[in-house]
Amino acid sequence: MNAAIEVKGVTKRFGGTLALDDVSFSVQQGDVLALLGPNGAGKTTLIRVLTTLLKPDSGRARVAGLDVQKDARAIRSLIGLAGQYATVDELLTGRENLELIGLLYHLDKAVYRDRAQDALERMSLTGAGDNQVKTYSGGMRRRLDLAASLIGRPPVLFLDEPTTGLDPRTRNDLWQFIQDLVAEGTTVLLTTQYMEEAEHLAQAIVVLDAGRVAAQGTADELKDQLGGNVLEIQVTKRADLDKAASLIASLSSAPPRLEAALNRITLPVQGGPRVLIAAGRALDDAGVELEDLGIRRPSLDDVFLAITGHPATPGEDAGQPPHSPKANQ
Amino acid sequence: MTDVAVRPPTAPAVPLTLRLAVRDIWGITRRNLLRIIRTPQLLFMSIVQPTIILLLFRYVLGGAIRVPGLNYVNYVVPGIFLEAVLIGGMTTALALAQDLQAGIVDRFRSLPMARSAFLAGRTLADVCRSVLALAFIIGLGAGVGFRFHSNTGACLAGVALIVAFGYAFSWVYAAIGLAVKDPQTAQMAALLPMFILFFASSALVPVSTMPGWLQPFAQNQPATVTINAVRALFEGGPVFHDLWQAALWCTGIFVVFLAISLNLYHKATA
């Protein structure tokens, strides 16, 4: 009974599309749960339901032990929300933004002033705290947005794609910051399109695909679902790619996956070194020149592909340059 | 690992009191006032339009218009005062649509604040801007020959009535902004009621000069009765008939569009 978030059979329909289809899972207090899925999988819709912004058509959801529909106002005092689109006011300074949110959390003035100052320091925004947000870089906005969601010191935090579009350094800083929060006891539900992020931060992963829960468990459990290992081959000449794929196809019941741009073939296999040797021998006998040959544990990418039938690799918006303040308007 | 360890030090779920709601409204009003101050070009735009209309009717068209019993400059300027607050209210529609589109509304809606404070803070900030624009236009009116002829109390009451009309109307614009949700469309949609109410009224010419089919509307619509009341207050003379009608219109518009706007805001999922 220590679930900070409980979702049971939540369904939401927009016109003809089923955005959420009988979604159920729970998050233990002090855990991080990653909602993993491509664009349009229903991640943001679910966040909106859990943060009381959207009523589900059916099903029940509880946050911090309270019902999202019946106790909406009480829940709002206990949650923080940071969005994919940094929702801070462009024309206000960083500090003004934080103090406004603090006021609207119904904190005393002395308290929200202190916390705003604290948050600016913690997010390395002290120097820019009294500048208007329109002068901030994308990473600074994201940090301010996260700081704003923390002003109320919420025990449950919702982060909608917190690192999408950030450069690796800023992303690592944010990861560290989220881990610090969790160490202090905060429960976090985050959405992400990145396997690496889910694996790095989350104790539990829920894979959403087209509004349905396609799989859930820890990263290791999900990998065990796939079973076995992954054989990975990189050929020297692209012309050999199809030939190599057909040579190793007999080693597994699953079809090989070709990545032409990398001259790479991956194949889920049951065996270990024996499979590797068999593959090496077959390819060598046929005169296929190899750049690399190896066997490894499956990655979450492999799992996602096996579960949903399509790769999780995000679309164009993941390639967004990190400093594009205009993207958030 | 127990509940106690993860609970925040502040007591959660403070019940919403009137005092907190007023504080929320103040917070949002302050935010919007800061936005207004930091975009002076928008403030400037909101006085350009009434300035043009004022100069046009004072110096270009006004010479051809005869109003029985009143100098035309004193006839038309109170109408322009009303136009200044009507046009100022349009930015309410625009700003709300912008906030909906930018997603900041989601953040506000996820906070324990009084939900109505988002709209109340918007309209209050906008009425402050309208008062600034009105002050400018009053100064300009005096510069082109407009004079107050009754006592100070009546003149202040007239100005207050204009501000009250502007505030009531900002809720119409709020409803428009929330209904269309798109800034460009909001601006266009907000123009329509402004044009109809301002031009088909007694603001620029007496209603008796309009075609017969238009007169019943023009004679009784809110802008006309308000302008008539304001003129009576500025010039001295019988005022009660127009004044209670204007007060009734303002109250009615405020109550109805407040309800519509709140309802739209609760349903808004932009």
# chains A, B, ... in the order shown; residues from 1 in each chain; ligands from 1
$ interface_residues --of "chain A" --to "chain B" --cutoff "8 Å" --atoms "only C-alpha atoms" --output "MDAnalysis selection string"
chainID A and resid 2 30 51:54 73:78 80:82 85 87:89 91:92 100 103:106 153:155 184:186 328:329
$ residues_around --residues "A:Ala210" --least-positions-apart "3" --cutoff "9 Å" --atoms "only C-alpha atoms" --output "list in words"
Leu18, Ala19, Leu20, Asp21, Gly37, Pro38, Gly40, Ala41, Gly42, Val213 and Ala214 of chain A
$ select_by_dssp --residues "stretch 17-213 of chain B" --states "alpha helix (DSSP H)" --output "ChimeraX atom specification"
/B:18-38,40-55,72-102,104-109,116-143,152-180,183-199
$ residues_around --residues "stretch 135-142 of chain B" --least-positions-apart "6" --cutoff "12 Å" --atoms "only C-alpha atoms" --output "PyMOL selection string"
chain B and resi 43-44+46-55+57-58+73-85+128-129+148+155+159-160+162-163
$ residues_around --residues "A:Leu300" --least-positions-apart "4" --cutoff "12 Å" --atoms "only C-alpha atoms" --output "number ranges by chain"
A: 36-37, 193-200, 205-207, 215-226, 230, 304-308, 311-313
$ atom_distance --atom1 "atom CA of B:Gly69" --atom2 "atom CA of B:Asn228"
14.0 Å
$ atom_distance --atom1 "atom CA of A:Asp173" --atom2 "atom CA of A:Arg141"
13.8 Å
$ atom_distance --atom1 "atom CA of B:Arg19" --atom2 "atom CA of B:Thr123"
19.1 Å
$ residues_around --residues "A:Ser24" --least-positions-apart "3" --cutoff "7 Å" --atoms "only C-alpha atoms" --output "list in words"
Val7, Lys8, Gly9 and Val10 of chain A
$ closest_residue --among "A:Ala119, A:Lys109, A:Val49, A:Leu144" --to "A:Thr93" --atoms "only C-alpha atoms"
A:Leu144
$ residues_around --residues "B:Gly252" --least-positions-apart "6" --cutoff "10 Å" --atoms "only C-alpha atoms" --output "list of chain:residue names"
B:Ala168, B:Ala246, B:Leu258
$ decode --residues "stretch 230-257 of chain B" --atoms "N, CA and C atoms" --output "mmCIF file, in the first residue's frame"
data_model
loop_
_atom_site.group_PDB
_atom_site.id
_atom_site.type_symbol
_atom_site.label_atom_id
_atom_site.label_comp_id
_atom_site.auth_asym_id
_atom_site.auth_seq_id
_atom_site.Cartn_x
_atom_site.Cartn_y
_atom_site.Cartn_z
ATOM 1 N N VAL B 230 -22.648 58.825 -20.359
ATOM 2 C CA VAL B 230 -21.379 59.518 -20.121
ATOM 3 C C VAL B 230 -21.464 60.983 -20.581
ATOM 4 N N ARG B 231 -22.073 61.198 -21.762
ATOM 5 C CA ARG B 231 -22.234 62.582 -22.254
ATOM 6 C C ARG B 231 -23.063 63.411 -21.281
ATOM 7 N N ALA B 232 -24.144 62.796 -20.802
ATOM 8 C CA ALA B 232 -25.012 63.518 -19.865
ATOM 9 C C ALA B 232 -24.231 63.872 -18.599
ATOM 10 N N LEU B 233 -23.388 62.929 -18.157
ATOM 11 C CA LEU B 233 -22.594 63.196 -16.947
ATOM 12 C C LEU B 233 -21.576 64.298 -17.187
ATOM 13 N N PHE B 234 -20.979 64.330 -18.378
ATOM 14 C CA PHE B 234 -19.971 65.349 -18.683
ATOM 15 C C PHE B 234 -20.602 66.729 -18.933
ATOM 16 N N GLU B 235 -21.812 66.726 -19.565
ATOM 17 C CA GLU B 235 -22.432 67.992 -19.973
ATOM 18 C C GLU B 235 -23.349 68.552 -18.897
ATOM 19 N N GLY B 236 -23.769 67.709 -17.953
ATOM 20 C CA GLY B 236 -24.804 68.117 -17.010
ATOM 21 C C GLY B 236 -26.158 67.900 -17.650
ATOM 22 N N GLY B 237 -27.192 67.689 -16.835
ATOM 23 C CA GLY B 237 -28.524 67.451 -17.410
ATOM 24 C C GLY B 237 -29.075 66.126 -16.953
ATOM 25 N N PRO B 238 -30.271 65.760 -17.431
ATOM 26 C CA PRO B 238 -30.921 64.535 -16.951
ATOM 27 C C PRO B 238 -30.097 63.304 -17.342
ATOM 28 N N VAL B 239 -29.830 62.434 -16.369
ATOM 29 C CA VAL B 239 -28.898 61.348 -16.622
ATOM 30 C C VAL B 239 -29.454 59.982 -16.209
ATOM 31 N N PHE B 240 -30.504 59.996 -15.345
ATOM 32 C CA PHE B 240 -30.883 58.739 -14.711
ATOM 33 C C PHE B 240 -31.323 57.656 -15.679
ATOM 34 N N HIS B 241 -32.122 58.031 -16.684
ATOM 35 C CA HIS B 241 -32.631 57.030 -17.620
ATOM 36 C C HIS B 241 -31.484 56.261 -18.287
ATOM 37 N N ASP B 242 -30.531 57.007 -18.850
ATOM 38 C CA ASP B 242 -29.399 56.355 -19.526
ATOM 39 C C ASP B 242 -28.489 55.638 -18.532
ATOM 40 N N LEU B 243 -28.352 56.240 -17.347
ATOM 41 C CA LEU B 243 -27.407 55.682 -16.386
ATOM 42 C C LEU B 243 -27.838 54.308 -15.889
ATOM 43 N N TRP B 244 -29.119 54.150 -15.544
ATOM 44 C CA TRP B 244 -29.499 52.830 -15.027
ATOM 45 C C TRP B 244 -29.479 51.787 -16.132
ATOM 46 N N GLN B 245 -29.814 52.236 -17.368
ATOM 47 C CA GLN B 245 -29.724 51.276 -18.486
ATOM 48 C C GLN B 245 -28.284 50.827 -18.712
ATOM 49 N N ALA B 246 -27.355 51.793 -18.661
ATOM 50 C CA ALA B 246 -25.943 51.470 -18.861
ATOM 51 C C ALA B 246 -25.455 50.543 -17.749
ATOM 52 N N ALA B 247 -25.860 50.846 -16.510
ATOM 53 C CA ALA B 247 -25.441 50.015 -15.380
ATOM 54 C C ALA B 247 -25.968 48.600 -15.543
ATOM 55 N N LEU B 248 -27.220 48.505 -16.028
ATOM 56 C CA LEU B 248 -27.831 47.185 -16.228
ATOM 57 C C LEU B 248 -27.082 46.400 -17.304
ATOM 58 N N TRP B 249 -26.769 47.082 -18.411
ATOM 59 C CA TRP B 249 -26.015 46.428 -19.492
ATOM 60 C C TRP B 249 -24.661 45.921 -18.990
ATOM 61 N N CYS B 250 -23.929 46.810 -18.301
ATOM 62 C CA CYS B 250 -22.588 46.438 -17.822
ATOM 63 C C CYS B 250 -22.673 45.228 -16.893
ATOM 64 N N THR B 251 -23.619 45.276 -15.956
ATOM 65 C CA THR B 251 -23.752 44.169 -15.008
ATOM 66 C C THR B 251 -24.124 42.882 -15.741
ATOM 67 N N GLY B 252 -25.096 43.012 -16.653
ATOM 68 C CA GLY B 252 -25.552 41.826 -17.392
ATOM 69 C C GLY B 252 -24.429 41.200 -18.206
ATOM 70 N N ILE B 253 -23.697 42.050 -18.942
ATOM 71 C CA ILE B 253 -22.590 41.542 -19.771
ATOM 72 C C ILE B 253 -21.532 40.889 -18.891
ATOM 73 N N PHE B 254 -21.211 41.543 -17.780
ATOM 74 C CA PHE B 254 -20.202 41.012 -16.858
ATOM 75 C C PHE B 254 -20.611 39.634 -16.341
ATOM 76 N N VAL B 255 -21.831 39.524 -15.850
ATOM 77 C CA VAL B 255 -22.269 38.262 -15.228
ATOM 78 C C VAL B 255 -22.326 37.140 -16.260
ATOM 79 N N VAL B 256 -22.946 37.418 -17.419
ATOM 80 C CA VAL B 256 -23.121 36.372 -18.428
ATOM 81 C C VAL B 256 -21.770 35.901 -18.977
ATOM 82 N N PHE B 257 -20.899 36.855 -19.320
ATOM 83 C CA PHE B 257 -19.639 36.447 -19.955
ATOM 84 C C PHE B 257 -18.608 35.945 -18.949
#
